[in-house]
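Note: the block below is coords-v6.txt and it holds compact mmCIF, C-alpha atoms and all ligand atoms.
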```
# COMPACT_ATOMS: atom_id res chain seq x y z
CA MET A 1 82.00 260.65 135.59
CA PRO A 2 85.51 262.10 136.04
CA LEU A 3 87.40 262.85 132.84
CA VAL A 4 90.51 261.12 134.13
CA THR A 5 89.85 257.57 135.35
CA PRO A 6 92.09 255.22 137.39
CA GLU A 7 92.99 253.53 134.07
CA HIS A 8 94.24 256.87 132.74
CA GLU A 9 96.29 257.38 135.92
CA GLU A 10 97.82 253.94 135.40
CA ILE A 11 98.84 254.97 131.88
CA ARG A 12 100.38 258.13 133.33
CA ARG A 13 102.32 256.13 135.90
CA SER A 14 103.78 253.78 133.28
CA VAL A 15 104.83 256.63 130.94
CA ARG A 16 106.33 258.52 133.88
CA GLU A 17 108.44 255.50 134.78
CA PHE A 18 109.77 255.33 131.21
CA VAL A 19 110.53 259.07 131.23
CA GLU A 20 112.28 259.01 134.63
CA HIS A 21 114.52 256.10 133.65
CA GLU A 22 115.13 256.65 129.95
CA ILE A 23 114.52 260.30 129.03
CA LYS A 24 115.25 262.65 131.92
CA PRO A 25 118.83 261.38 132.46
CA ILE A 26 119.84 262.09 128.84
CA ALA A 27 117.62 264.96 127.62
CA ASN A 28 119.66 267.93 128.80
CA ASP A 29 122.95 266.60 127.47
CA LEU A 30 121.50 265.63 124.07
CA ASP A 31 119.71 268.98 123.83
CA ARG A 32 122.92 270.89 124.52
CA ARG A 33 124.83 268.90 121.92
CA GLY A 34 122.02 269.29 119.37
CA GLU A 35 121.69 265.51 119.05
CA ASP A 36 118.64 263.66 117.78
CA ILE A 37 116.47 261.40 119.94
CA PRO A 38 118.47 258.12 120.07
CA ASP A 39 117.25 255.15 118.02
CA HIS A 40 116.82 252.97 121.09
CA ILE A 41 114.32 255.49 122.55
CA LEU A 42 112.28 255.47 119.34
CA ALA A 43 112.37 251.66 119.35
CA LYS A 44 111.18 251.56 122.96
CA MET A 45 108.39 254.06 122.22
CA ALA A 46 107.31 251.86 119.31
CA GLU A 47 107.35 248.79 121.56
CA LEU A 48 105.19 250.62 124.11
CA GLY A 49 102.68 251.41 121.36
CA TYR A 50 102.91 255.22 121.59
CA PHE A 51 102.96 255.72 117.80
CA GLY A 52 99.53 254.15 117.49
CA ILE A 53 97.83 255.02 120.81
CA ILE A 54 94.50 256.06 119.30
CA PHE A 55 94.28 253.58 116.44
CA PRO A 56 92.20 250.42 116.88
CA PRO A 57 94.07 247.16 117.49
CA GLU A 58 93.06 245.84 114.04
CA ASP A 59 95.07 248.74 112.58
CA GLY A 60 98.06 247.97 114.82
CA GLY A 61 97.23 250.49 117.55
CA LEU A 62 96.42 250.40 121.26
CA GLY A 63 92.80 251.49 120.79
CA LEU A 64 92.94 254.08 123.57
CA ASP A 65 91.02 257.35 123.80
CA TYR A 66 92.13 260.96 123.21
CA ILE A 67 92.52 261.62 126.95
CA SER A 68 95.04 258.77 127.03
CA MET A 69 96.80 260.37 124.06
CA ALA A 70 96.91 263.69 125.92
CA ILE A 71 98.30 262.05 129.07
CA VAL A 72 100.99 260.10 127.19
CA THR A 73 101.97 263.23 125.27
CA GLU A 74 102.05 265.33 128.44
CA GLU A 75 104.21 262.85 130.33
CA LEU A 76 106.68 262.37 127.47
CA SER A 77 106.95 266.14 127.01
CA ARG A 78 107.64 266.48 130.72
CA GLY A 79 110.86 264.59 129.91
CA TRP A 80 111.72 266.28 126.62
CA LEU A 81 109.47 268.21 124.23
CA SER A 82 110.84 266.41 121.17
CA VAL A 83 110.05 262.99 122.68
CA GLY A 84 106.48 264.14 123.36
CA SER A 85 106.27 265.41 119.79
CA VAL A 86 107.82 262.66 117.73
CA MET A 87 104.73 260.46 117.61
CA THR A 88 102.49 263.41 116.67
CA ARG A 89 103.71 262.86 113.11
CA ASN A 90 102.60 259.21 112.94
CA LEU A 91 99.33 259.98 114.70
CA ILE A 92 98.48 262.76 112.23
CA THR A 93 99.54 260.81 109.13
CA GLY A 94 97.72 257.74 110.46
CA SER A 95 94.58 259.74 111.22
CA LEU A 96 94.64 261.28 107.73
CA ILE A 97 94.83 257.79 106.22
CA ARG A 98 92.18 256.37 108.56
CA ALA A 99 89.78 259.19 107.75
CA ALA A 100 90.40 259.59 104.03
CA GLY A 101 92.79 256.91 102.74
CA THR A 102 91.99 254.26 100.15
CA PRO A 103 91.65 250.63 101.35
CA ASP A 104 95.15 249.91 99.99
CA GLN A 105 96.63 252.92 101.82
CA LYS A 106 94.99 251.76 105.04
CA ARG A 107 96.42 248.28 104.57
CA ASN A 108 99.90 249.32 103.44
CA PHE A 109 100.64 252.25 105.74
CA LEU A 110 98.43 252.25 108.83
CA PRO A 111 99.71 249.20 110.76
CA LYS A 112 103.35 250.13 110.11
CA LEU A 113 102.74 253.72 111.27
CA ALA A 114 100.81 252.56 114.34
CA ARG A 115 103.56 250.15 115.34
CA GLY A 116 106.30 252.74 114.72
CA GLU A 117 107.93 250.53 112.08
CA MET A 118 107.39 253.36 109.62
CA LEU A 119 108.10 256.94 110.77
CA SER A 120 106.58 259.94 109.11
CA ALA A 121 107.04 263.71 108.86
CA ALA A 122 104.73 266.51 107.73
CA ALA A 123 105.77 268.64 104.74
CA PHE A 124 103.05 271.28 104.60
CA THR A 125 104.65 274.68 105.32
CA GLU A 126 106.46 276.49 102.49
CA PRO A 127 108.98 279.36 102.46
CA ASP A 128 106.26 281.82 101.33
CA GLY A 129 103.25 280.16 102.94
CA GLY A 130 102.74 279.07 106.52
CA SER A 131 99.46 280.23 108.00
CA ASP A 132 97.99 280.73 104.54
CA THR A 133 97.75 277.05 103.58
CA ALA A 134 95.72 277.87 100.46
CA SER A 135 98.73 279.71 98.99
CA PHE A 136 100.97 276.61 98.82
CA LYS A 137 102.87 276.40 95.52
CA THR A 138 104.59 272.99 95.47
CA ARG A 139 103.38 271.33 92.26
CA ALA A 140 102.27 267.78 91.62
CA VAL A 141 102.13 267.16 87.87
CA LYS A 142 100.65 263.98 86.40
CA ARG A 143 103.43 261.77 85.02
CA GLY A 144 102.73 258.22 83.79
CA ASP A 145 101.01 256.29 86.55
CA GLY A 146 101.97 258.85 89.17
CA TYR A 147 102.92 262.46 89.88
CA SER A 148 106.08 264.52 89.72
CA LEU A 149 106.59 266.78 92.77
CA SER A 150 108.53 270.05 92.44
CA GLY A 151 108.88 272.88 94.91
CA ALA A 152 110.18 273.98 98.28
CA LYS A 153 108.97 273.08 101.76
CA MET A 154 110.03 274.64 105.04
CA TRP A 155 110.17 273.41 108.63
CA CYS A 156 109.65 269.73 107.91
CA THR A 157 110.51 268.37 111.36
CA PHE A 158 112.04 264.87 111.47
CA ALA A 159 112.33 264.79 107.65
CA ASN A 160 115.70 263.05 107.82
CA ARG A 161 114.57 260.08 109.89
CA ALA A 162 111.15 259.63 108.34
CA HIS A 163 110.32 256.81 105.93
CA VAL A 164 107.37 258.75 104.54
CA LEU A 165 106.62 262.47 104.15
CA THR A 166 103.02 263.65 104.04
CA VAL A 167 103.31 266.34 101.37
CA MET A 168 100.73 268.98 100.48
CA ALA A 169 101.03 269.82 96.78
CA ARG A 170 99.06 271.64 94.13
CA THR A 171 97.47 269.31 91.59
CA ASP A 172 95.52 272.13 89.95
CA PRO A 173 97.79 275.00 88.80
CA ASP A 174 94.91 277.49 88.45
CA PRO A 175 95.58 280.00 91.28
CA ALA A 176 91.85 280.78 91.42
CA ARG A 177 91.27 277.22 92.68
CA LYS A 178 93.25 278.08 95.85
CA HIS A 179 92.63 275.41 98.53
CA ARG A 180 90.51 273.36 96.10
CA GLY A 181 93.62 272.70 94.01
CA LEU A 182 95.60 271.05 96.82
CA SER A 183 96.19 267.33 97.40
CA LEU A 184 98.07 265.27 99.99
CA PHE A 185 100.64 262.66 99.01
CA LEU A 186 102.51 259.96 100.90
CA PHE A 187 106.05 260.41 99.61
CA GLU A 188 108.23 257.43 100.50
CA LYS A 189 111.95 257.97 101.09
CA GLN A 190 114.87 256.31 102.76
CA PRO A 191 115.52 257.45 106.34
CA GLY A 192 118.90 259.07 106.95
CA ASP A 193 120.73 262.40 106.89
CA GLN A 194 121.60 261.88 103.20
CA PHE A 195 118.27 262.43 101.45
CA MET A 196 117.15 259.68 99.09
CA PRO A 197 115.80 259.57 96.42
CA PRO A 198 118.19 262.18 94.89
CA GLN A 199 115.21 264.27 93.65
CA LEU A 200 114.70 265.29 97.28
CA ALA A 201 117.23 267.54 99.06
CA GLY A 202 117.12 268.76 102.67
CA GLU A 203 118.99 271.19 104.88
CA PRO A 204 118.53 271.36 108.66
CA ILE A 205 117.42 274.73 110.07
CA PRO A 206 119.31 275.74 113.24
CA THR A 207 116.83 276.56 116.03
CA VAL A 208 116.95 277.99 119.56
CA GLY A 209 115.18 274.98 121.05
CA TYR A 210 113.03 271.92 120.32
CA HIS A 211 116.21 269.91 119.85
CA GLY A 212 116.06 266.15 119.51
CA MET A 213 114.36 266.43 116.14
CA ARG A 214 115.74 268.63 113.39
CA SER A 215 113.49 270.72 111.16
CA TYR A 216 114.43 270.84 107.47
CA SER A 217 113.98 273.03 104.47
CA LEU A 218 113.25 270.62 101.61
CA SER A 219 113.44 270.86 97.89
CA PHE A 220 111.60 268.49 95.55
CA ASP A 221 112.95 268.39 91.99
CA GLU A 222 110.62 266.31 89.83
CA ALA A 223 110.39 263.67 92.55
CA TYR A 224 108.14 260.78 91.55
CA VAL A 225 105.25 259.59 93.70
CA PRO A 226 102.86 256.86 92.50
CA ALA A 227 99.19 257.81 92.08
CA THR A 228 98.36 255.08 94.62
CA ASN A 229 99.97 257.37 97.24
CA LEU A 230 97.57 260.27 96.64
CA ILE A 231 95.59 260.23 99.90
CA GLY A 232 92.03 259.15 99.12
CA GLY A 233 92.87 258.67 95.44
CA VAL A 234 91.03 261.85 94.39
CA GLU A 235 92.70 265.19 93.62
CA GLY A 236 91.75 268.48 95.29
CA ARG A 237 90.82 267.17 98.72
CA GLY A 238 94.12 267.76 100.59
CA PHE A 239 93.16 271.01 102.31
CA TYR A 240 89.94 269.55 103.71
CA GLN A 241 91.66 266.32 104.76
CA LEU A 242 94.30 268.32 106.65
CA MET A 243 91.70 270.59 108.28
CA ALA A 244 89.96 267.50 109.65
CA SER A 245 93.17 266.57 111.51
CA TYR A 246 93.61 269.99 113.18
CA GLU A 247 91.57 269.22 116.31
CA GLU A 248 93.73 266.24 117.19
CA ALA A 249 96.97 268.15 116.48
CA ARG A 250 95.88 271.02 118.70
CA ILE A 251 94.90 268.79 121.60
CA GLN A 252 98.34 267.20 121.28
CA THR A 253 100.07 270.56 121.26
CA ALA A 254 98.17 271.71 124.35
CA ALA A 255 99.24 268.48 126.09
CA ARG A 256 102.84 269.04 125.02
CA ALA A 257 102.71 272.51 126.57
CA VAL A 258 101.31 271.11 129.83
CA GLY A 259 104.17 268.57 129.95
CA VAL A 260 106.90 271.18 129.43
CA ALA A 261 105.31 273.49 132.02
CA GLN A 262 104.94 270.64 134.52
CA ALA A 263 108.67 269.93 134.25
CA ALA A 264 109.51 273.61 134.76
CA TYR A 265 107.13 273.85 137.72
CA GLU A 266 108.59 270.76 139.42
CA ALA A 267 112.12 272.11 138.95
CA ALA A 268 111.05 275.42 140.52
CA VAL A 269 109.43 273.75 143.55
CA ARG A 270 112.55 271.64 144.10
CA TYR A 271 114.81 274.66 143.86
CA ALA A 272 112.63 276.73 146.20
CA HIS A 273 113.22 274.03 148.84
CA GLU A 274 116.94 273.62 148.23
CA ARG A 275 118.17 277.16 147.74
CA THR A 276 118.72 279.18 150.86
CA GLN A 277 119.24 282.93 151.05
CA PHE A 278 119.21 285.14 154.13
CA GLY A 279 119.47 281.92 156.16
CA GLU A 280 116.29 280.22 154.91
CA PRO A 281 114.90 278.38 151.86
CA ILE A 282 113.78 280.88 149.21
CA GLY A 283 110.39 279.07 149.21
CA ASN A 284 109.79 280.69 152.61
CA PHE A 285 109.58 284.10 150.96
CA GLN A 286 106.00 284.93 150.15
CA VAL A 287 106.86 286.35 146.74
CA ILE A 288 108.37 282.99 145.69
CA ARG A 289 105.47 281.00 147.19
CA HIS A 290 103.00 283.18 145.32
CA LYS A 291 104.89 282.66 142.07
CA LEU A 292 104.60 278.89 142.65
CA ALA A 293 100.90 279.23 143.44
CA HIS A 294 100.24 281.17 140.22
CA MET A 295 102.24 278.61 138.25
CA ALA A 296 100.24 275.72 139.76
CA ILE A 297 96.90 277.43 138.96
CA ASP A 298 97.96 278.29 135.41
CA LEU A 299 99.16 274.74 134.82
CA GLU A 300 96.04 273.06 136.14
CA ALA A 301 93.77 275.35 134.12
CA ALA A 302 95.65 274.45 130.93
CA ARG A 303 95.59 270.73 131.77
CA GLN A 304 91.83 270.79 132.31
CA LEU A 305 91.27 272.66 129.03
CA ALA A 306 93.36 270.05 127.21
CA TYR A 307 91.50 267.13 128.84
CA HIS A 308 88.16 268.80 128.17
CA ALA A 309 88.98 269.18 124.46
CA ALA A 310 90.19 265.55 124.39
CA SER A 311 86.98 264.34 126.05
CA GLN A 312 84.92 266.24 123.45
CA LYS A 313 86.94 264.58 120.72
CA ASP A 314 86.29 261.19 122.38
CA THR A 315 82.55 261.74 122.07
CA GLY A 316 82.99 262.42 118.35
CA LYS A 317 81.67 265.99 118.69
CA ARG A 318 83.22 268.88 116.76
CA CYS A 319 85.83 270.46 119.05
CA ASP A 320 87.87 272.95 117.03
CA PHE A 321 86.72 275.67 119.45
CA GLU A 322 87.81 273.73 122.57
CA ALA A 323 91.02 272.43 120.98
CA GLY A 324 91.97 275.93 119.81
CA MET A 325 91.31 277.40 123.26
CA ALA A 326 93.39 274.69 124.92
CA LYS A 327 96.23 275.21 122.45
CA VAL A 328 96.37 279.01 122.84
CA PHE A 329 96.09 278.99 126.61
CA ALA A 330 98.50 276.10 127.21
CA ALA A 331 101.18 277.47 124.86
CA GLU A 332 101.13 280.87 126.53
CA MET A 333 100.93 279.26 129.96
CA ALA A 334 104.04 277.16 129.25
CA GLU A 335 106.02 280.29 128.45
CA ARG A 336 104.83 282.05 131.61
CA VAL A 337 105.54 279.05 133.83
CA ALA A 338 108.96 278.36 132.29
CA ARG A 339 109.86 282.04 132.67
CA GLU A 340 108.91 282.07 136.33
CA ALA A 341 110.72 278.78 136.96
CA MET A 342 113.85 280.30 135.48
CA GLN A 343 113.40 283.42 137.62
CA ILE A 344 113.12 281.29 140.77
CA HIS A 345 116.47 279.69 139.83
CA GLY A 346 118.13 283.13 139.77
CA GLY A 347 121.46 283.13 137.89
CA TYR A 348 121.63 279.35 137.80
CA GLY A 349 118.45 279.33 135.73
CA TYR A 350 120.37 281.01 132.94
CA SER A 351 123.12 278.39 133.03
CA MET A 352 123.11 275.52 130.56
CA GLU A 353 123.81 273.16 133.47
CA PHE A 354 120.21 273.38 134.70
CA ASP A 355 117.26 271.89 132.78
CA VAL A 356 115.08 274.96 133.32
CA GLN A 357 116.66 276.93 130.43
CA ARG A 358 115.67 274.06 128.11
CA TYR A 359 112.05 274.24 129.21
CA TRP A 360 112.10 278.01 128.59
CA ARG A 361 113.56 277.63 125.07
CA ASP A 362 111.25 274.71 124.22
CA ALA A 363 108.14 276.50 125.51
CA ARG A 364 108.70 279.33 123.03
CA VAL A 365 107.85 277.28 119.94
CA LEU A 366 104.44 276.13 121.18
CA SER A 367 102.67 279.37 120.20
CA ILE A 368 104.23 279.21 116.74
CA PHE A 369 103.64 275.73 115.35
CA GLU A 370 100.48 273.67 114.77
CA GLY A 371 98.71 276.88 113.72
CA THR A 372 100.03 280.06 115.35
CA ASN A 373 98.19 281.39 118.37
CA GLU A 374 97.07 284.37 116.28
CA ILE A 375 95.39 282.02 113.80
CA GLN A 376 93.78 280.06 116.66
CA LEU A 377 92.39 283.32 118.07
CA GLU A 378 90.91 284.06 114.65
CA VAL A 379 89.21 280.63 114.59
CA ILE A 380 87.87 281.06 118.14
CA GLY A 381 86.84 284.68 117.53
CA ARG A 382 84.98 283.82 114.33
CA ARG A 383 83.04 281.08 116.12
CA ILE A 384 82.12 283.54 118.89
CA MET A 385 80.79 286.02 116.33
CA GLU A 386 78.90 283.30 114.43
CA GLN A 387 77.19 282.22 117.65
CA GLY A 388 75.90 285.76 118.08
C1 LIG A 401 110.38 274.39 115.24
C2 LIG A 401 109.29 274.35 114.22
C3 LIG A 401 108.85 273.12 113.74
C4 LIG A 401 107.87 273.06 112.75
N1 LIG A 401 107.50 271.83 112.24
C5 LIG A 401 106.69 271.78 111.16
C6 LIG A 401 106.45 270.53 110.48
O1 LIG A 401 106.90 269.46 110.91
N2 LIG A 401 105.72 270.56 109.34
C7 LIG A 401 105.20 271.71 108.81
O2 LIG A 401 104.55 271.67 107.77
N3 LIG A 401 105.40 272.90 109.45
C8 LIG A 401 106.14 272.96 110.58
N4 LIG A 401 106.39 274.18 111.19
C9 LIG A 401 105.89 275.39 110.58
C10 LIG A 401 104.82 276.09 111.37
O3 LIG A 401 103.62 275.36 111.34
C11 LIG A 401 104.70 277.50 110.79
O4 LIG A 401 105.86 278.21 111.17
C12 LIG A 401 103.44 278.22 111.22
O5 LIG A 401 102.31 277.64 110.63
C13 LIG A 401 103.47 279.70 110.85
O6 LIG A 401 103.80 279.88 109.50
P1 LIG A 401 104.96 280.91 109.11
O7 LIG A 401 106.17 280.56 109.88
O8 LIG A 401 105.07 280.93 107.63
O9 LIG A 401 104.45 282.31 109.63
P2 LIG A 401 103.43 283.31 108.89
O10 LIG A 401 102.22 282.57 108.45
O11 LIG A 401 104.19 284.07 107.87
O12 LIG A 401 103.01 284.28 110.06
C14 LIG A 401 103.83 285.34 110.52
C15 LIG A 401 103.07 286.07 111.63
O13 LIG A 401 101.85 286.64 111.11
C16 LIG A 401 100.75 286.13 111.84
N5 LIG A 401 99.62 285.95 110.90
C17 LIG A 401 99.63 285.33 109.70
N6 LIG A 401 98.40 285.36 109.14
C18 LIG A 401 97.59 286.00 110.03
C19 LIG A 401 96.19 286.32 110.05
N7 LIG A 401 95.38 286.00 109.04
N8 LIG A 401 95.71 286.98 111.13
C20 LIG A 401 96.53 287.30 112.17
N9 LIG A 401 97.86 287.02 112.21
C21 LIG A 401 98.38 286.37 111.15
C22 LIG A 401 101.23 284.80 112.42
O14 LIG A 401 100.45 284.41 113.55
C23 LIG A 401 102.66 285.13 112.77
O15 LIG A 401 102.70 285.82 114.00
C24 LIG A 401 107.31 274.26 112.24
C25 LIG A 401 107.74 275.49 112.75
C26 LIG A 401 108.71 275.56 113.71
C27 LIG A 401 109.19 276.89 114.20
```
Mind turning this structure into structure tokens?
Amino acid sequence: MPLVTPEHEEIRRSVREFVEHEIKPIANDLDRRGEDIPDHILAKMAELGYFGIIFPPEDGGLGLDYISMAIVTEELSRGWLSVGSVMTRNLITGSLIRAAGTPDQKRNFLPKLARGEMLSAAAFTEPDGGSDTASFKTRAVKRGDGYSLSGAKMWCTFANRAHVLTVMARTDPDPARKHRGLSLFLFEKQPGDQFMPPQLAGEPIPTVGYHGMRSYSLSFDEAYVPATNLIGGVEGRGFYQLMASYEEARIQTAARAVGVAQAAYEAAVRYAHERTQFGEPIGNFQVIRHKLAHMAIDLEAARQLAYHAASQKDTGKRCDFEAGMAKVFAAEMAERVAREAMQIHGGYGYSMEFDVQRYWRDARVLSIFEGTNEIQLEVIGRRIMEQG
């Protein structure tokens, strides 16, 4: 049975149509001006069901499989990385709630997240702790019928526009408890560049790429969150709940990388036809043709790794190994392919007028977020050693 069925190809075709008409024409200009994804694009994505692709219809989702999620992500990222990434937040928050949430959390949050009526952002990383999740210091102290959050978070992408932040905080101050002292909270806020409630402050972090969504440093100053918003209702489970969502996040990131690389590859093929030097299209030169061939091979290998990991996830089998491999390979592949696409464009590739520089800048972040590639290699390497 092929991994990708005619139904999957139909999904690809419909997303591609949306991207060609609505995303590609505006992405480069918005990227250059550092603008956010427009509201009407988010509304359309919500209408198309992208924020809840993998959730069952009774939870407000489309009830599709992880391969569909990978294809939708890939095609959206082919238009603009931020568009392919924006629904990752709702999918992860929704999956955390589906897997570990209380019945009330499932009822109150899941359908709104799945339908894109509620947007979310992930506040895990801290100024002094990124890869080392167990070192997180943000405190959640019991106060009345809830908790008071205090501390600093870093790199919370989309924090301004989100209605809810999924915050990792320490409910047990004993440093010896490490990851066992961490809990996840659903912190509700008003969307907008002015952070509300006033106990939450945020500053955007200027970045070289991945425009369309801004990443924020956040500061919580005794910000109240009701105990009903502690995911699962039991303290000390946050680290394990988050770990359980890693496979899905990594499959998504691999698919995002494939989408960015596909866009760069297509731009390179087009340019190799159009650009003439020495009286002929540059695609006639073997060195350029071989670059394109290597790019096509690299891209297809990454795509198949991503689909393979997604198909494993669809069977319900553990797939951290496959998802990690797909993430590492696809992220590095996207950088290689975007680099070569830029090279094929010669000087024009370095100009802001051409999309290829955007793919090159966007590709760079893929090895850094959703668990750095070095951390993924550690996970994969440890599994190899365990297997003997
Ligand atoms: C554009 C962007 C958007 C992001 N969005 C979000 C978001 O929405 N929410 C969120 O919570 N986070 C987000 N992040 C944060 C991201 O997940 C972290 O940057 C990442 O986990 C790495 O953490 P760090 O930056 O603290 O690096 P560090 O953990 O300090 O790592 C520094 C270097 O050391 C390496 N290293 C660390 N530990 C080891 C080890 N044990 N073995 C080998 N090498 C190691 C790393 O691989 C890296 O090369 C985002 C980051 C970026 C750049």
Centre and edges of the ligand LIG 401 (chain A) box, axis-aligned, 6 Å extra per side, as AutoDock Vina command-line options:
```
--center_x 102.9 --center_y 278.4 --center_z 111.4 --size_x 27.0 --size_y 29.8 --size_z 19.6
```
Per residue of chain A within 9 Å of ligand LIG 401 (chain A), note the shortest atom pair and the distance in Å to one decimal, counting all atoms listed in the file, and order the rows by chain and increasing residue number, as a Markdown table.
```
| residue | atom | partner | partner_atom | distance |
| --- | --- | --- | --- | --- |
| A:Arg89 | CA | A:LIG401 | O1 | 7.7 |
| A:Ala121 | CA | A:LIG401 | O1 | 6.1 |
| A:Ala122 | CA | A:LIG401 | N2 | 4.5 |
| A:Ala123 | CA | A:LIG401 | O2 | 4.5 |
| A:Phe124 | CA | A:LIG401 | O2 | 3.5 |
| A:Thr125 | CA | A:LIG401 | O2 | 3.9 |
| A:Glu126 | CA | A:LIG401 | O8 | 6.9 |
| A:Pro127 | CA | A:LIG401 | O8 | 6.7 |
| A:Asp128 | CA | A:LIG401 | O8 | 6.5 |
| A:Gly129 | CA | A:LIG401 | O8 | 5.1 |
| A:Gly130 | CA | A:LIG401 | O8 | 3.2 |
| A:Ser131 | CA | A:LIG401 | O10 | 3.6 |
| A:Asp132 | CA | A:LIG401 | O10 | 6.0 |
| A:Thr133 | CA | A:LIG401 | O5 | 8.4 |
| A:Lys153 | CA | A:LIG401 | O2 | 7.6 |
| A:Met154 | CA | A:LIG401 | N3 | 6.6 |
| A:Trp155 | CA | A:LIG401 | C8 | 4.5 |
| A:Cys156 | CA | A:LIG401 | O1 | 4.1 |
| A:Thr157 | CA | A:LIG401 | O1 | 3.8 |
| A:Phe158 | CA | A:LIG401 | O1 | 6.9 |
| A:Ala159 | CA | A:LIG401 | O1 | 7.9 |
| A:Thr166 | CA | A:LIG401 | O2 | 9.0 |
| A:Val167 | CA | A:LIG401 | O2 | 8.4 |
| A:Met168 | CA | A:LIG401 | O2 | 8.7 |
| A:Ile205 | CA | A:LIG401 | C1 | 8.7 |
| A:Thr207 | CA | A:LIG401 | C1 | 6.9 |
| A:Val208 | CA | A:LIG401 | C1 | 8.6 |
| A:Gly209 | CA | A:LIG401 | C1 | 7.6 |
| A:Tyr210 | CA | A:LIG401 | C1 | 6.2 |
| A:His211 | CA | A:LIG401 | C1 | 8.7 |
| A:Met213 | CA | A:LIG401 | C1 | 8.9 |
| A:Arg214 | CA | A:LIG401 | C1 | 8.1 |
| A:Ser215 | CA | A:LIG401 | C3 | 5.8 |
| A:Tyr216 | CA | A:LIG401 | O1 | 8.4 |
| A:Val365 | CA | A:LIG401 | C27 | 5.9 |
| A:Leu366 | CA | A:LIG401 | C27 | 8.5 |
| A:Ser367 | CA | A:LIG401 | O14 | 8.6 |
| A:Ile368 | CA | A:LIG401 | C12 | 5.7 |
| A:Phe369 | CA | A:LIG401 | O3 | 4.0 |
| A:Glu370 | CA | A:LIG401 | O3 | 4.9 |
| A:Gly371 | CA | A:LIG401 | O5 | 4.8 |
| A:Thr372 | CA | A:LIG401 | O14 | 4.7 |
| A:Asn373 | CA | A:LIG401 | O14 | 6.1 |
| A:Glu374 | CA | A:LIG401 | O14 | 4.3 |
| A:Ile375 | CA | A:LIG401 | O14 | 5.6 |
| A:Gln376 | CA | A:LIG401 | O14 | 8.5 |
| A:Leu377 | CA | A:LIG401 | C20 | 8.2 |
| A:Glu378 | CA | A:LIG401 | N8 | 6.6 |
```
List the spatial neighbours of A:Pro175 as number ranges by chain - criterion: any atom at most 10 Å away, all atoms listed in the file, same-chain residues fewer than 4 positions off excluded.
A: 134-137, 170, 179-181
Atomic separation - atom CA of A:Val258 relative to atom CA of A:Lys24, Å
16.4 Å
Contacts of A:Tyr147 at 9 Å (only C-alpha atoms; same-chain gap of 6+ positions) as a count of residues only:
10
A:Val86, A:Leu200, A:Ala169, A:Met333: which is nearest A:His294, counting all atoms listed in the file?
A:Met333
Surrounding residues of A:Lys44 excluding itself and chain neighbours under 6 positions, 12 Å, all atoms listed in the file, as a short mmCIF file (atom, residue, chain, number, x, y, z; two decimals) with C-alpha atoms, in the coordinates of the input:
```cif
data_model
loop_
_atom_site.label_atom_id
_atom_site.label_comp_id
_atom_site.auth_asym_id
_atom_site.auth_seq_id
_atom_site.Cartn_x
_atom_site.Cartn_y
_atom_site.Cartn_z
CA VAL A 15 104.83 256.63 130.94
CA PHE A 18 109.77 255.33 131.21
CA VAL A 19 110.53 259.07 131.23
CA GLU A 22 115.13 256.65 129.95
CA ILE A 23 114.52 260.30 129.03
CA ILE A 37 116.47 261.40 119.94
CA PRO A 38 118.47 258.12 120.07
CA TYR A 50 102.91 255.22 121.59
CA PHE A 51 102.96 255.72 117.80
CA VAL A 83 110.05 262.99 122.68
CA ARG A 115 103.56 250.15 115.34
CA GLY A 116 106.30 252.74 114.72
CA GLU A 117 107.93 250.53 112.08
#
```
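In this structure, atom CA of A:Leu292 sits 8.3 Å away from atom CA of A:Glu340.
Comparing the minimum interatomic distances between A:Gly232 and each of A:Phe185, A:Phe329, A:Phe55, A:Tyr66, counting only C-alpha atoms, we find that A:Phe185 sits nearest.
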Correct to one decimal, the distance atom CA of A:Gly60-atom CA of A:Ala114 is 5.4 Å
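Residues in contact with A:His345 at 10 Å, where all atoms listed in the file are counted and same-chain residues fewer than 2 positions away are skipped, are listed as A:Ala267, A:Ala268, A:Val269, A:Arg270, A:Tyr271, A:Ala272, A:Arg275, A:Ile282, A:Glu340, A:Ala341, A:Met342, A:Gln343, A:Gly347, A:Tyr348, A:Gly349, A:Tyr350, A:Ser351, A:Phe354, A:Val356, A:Gln357.
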Please determine, counting all atoms listed in the file, which residue among A:Leu119, A:Ala249, A:Ala201, A:Met385 has the shortest atom-to-atom distance to A:Glu188.
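Looking at the shortest contact to A:Glu188, the residue is A:Leu119.
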Near-A:Leu64 list (6 Å; all atoms listed in the file; drop same-chain fewer than 2 positions) as a ChimeraX atom specification:
/A:53-54,62
Using all atoms listed in the file, what does the table of stretch 52-115 of chain A residues within 12 Å of stretch 26-35 of chain A look like, with each row giving the shortest atom pair and its distance in Å to one decimal, sorted by chain and ascending number, as a tab-separated table?
```
residue	atom	partner	partner_atom	distance
A:Leu76	CA	A:Ala27	CA	11.2
A:Ser77	CA	A:Ala27	CA	10.8
A:Arg78	CA	A:Ala27	CA	10.6
A:Gly79	CA	A:Ala27	CA	7.1
A:Trp80	CA	A:Ala27	CA	6.1
A:Leu81	CA	A:Ala27	CA	9.4
A:Ser82	CA	A:Ala27	CA	9.5
A:Val83	CA	A:Ala27	CA	9.3
A:Gly84	CA	A:Ala27	CA	12.0
```
Let me make sure I understand: among A:Glu386, A:Gln199, A:Phe239, A:Ala244, which one has the smallest atom-to-atom distance to A:Arg98 if we use only C-alpha atoms?
A:Ala244
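Between A:Glu247 and the candidates A:Ala323, A:Leu91, A:Leu3, A:Ala334, the tightest atom-to-atom separation, counting all atoms listed in the file, involves A:Ala323.
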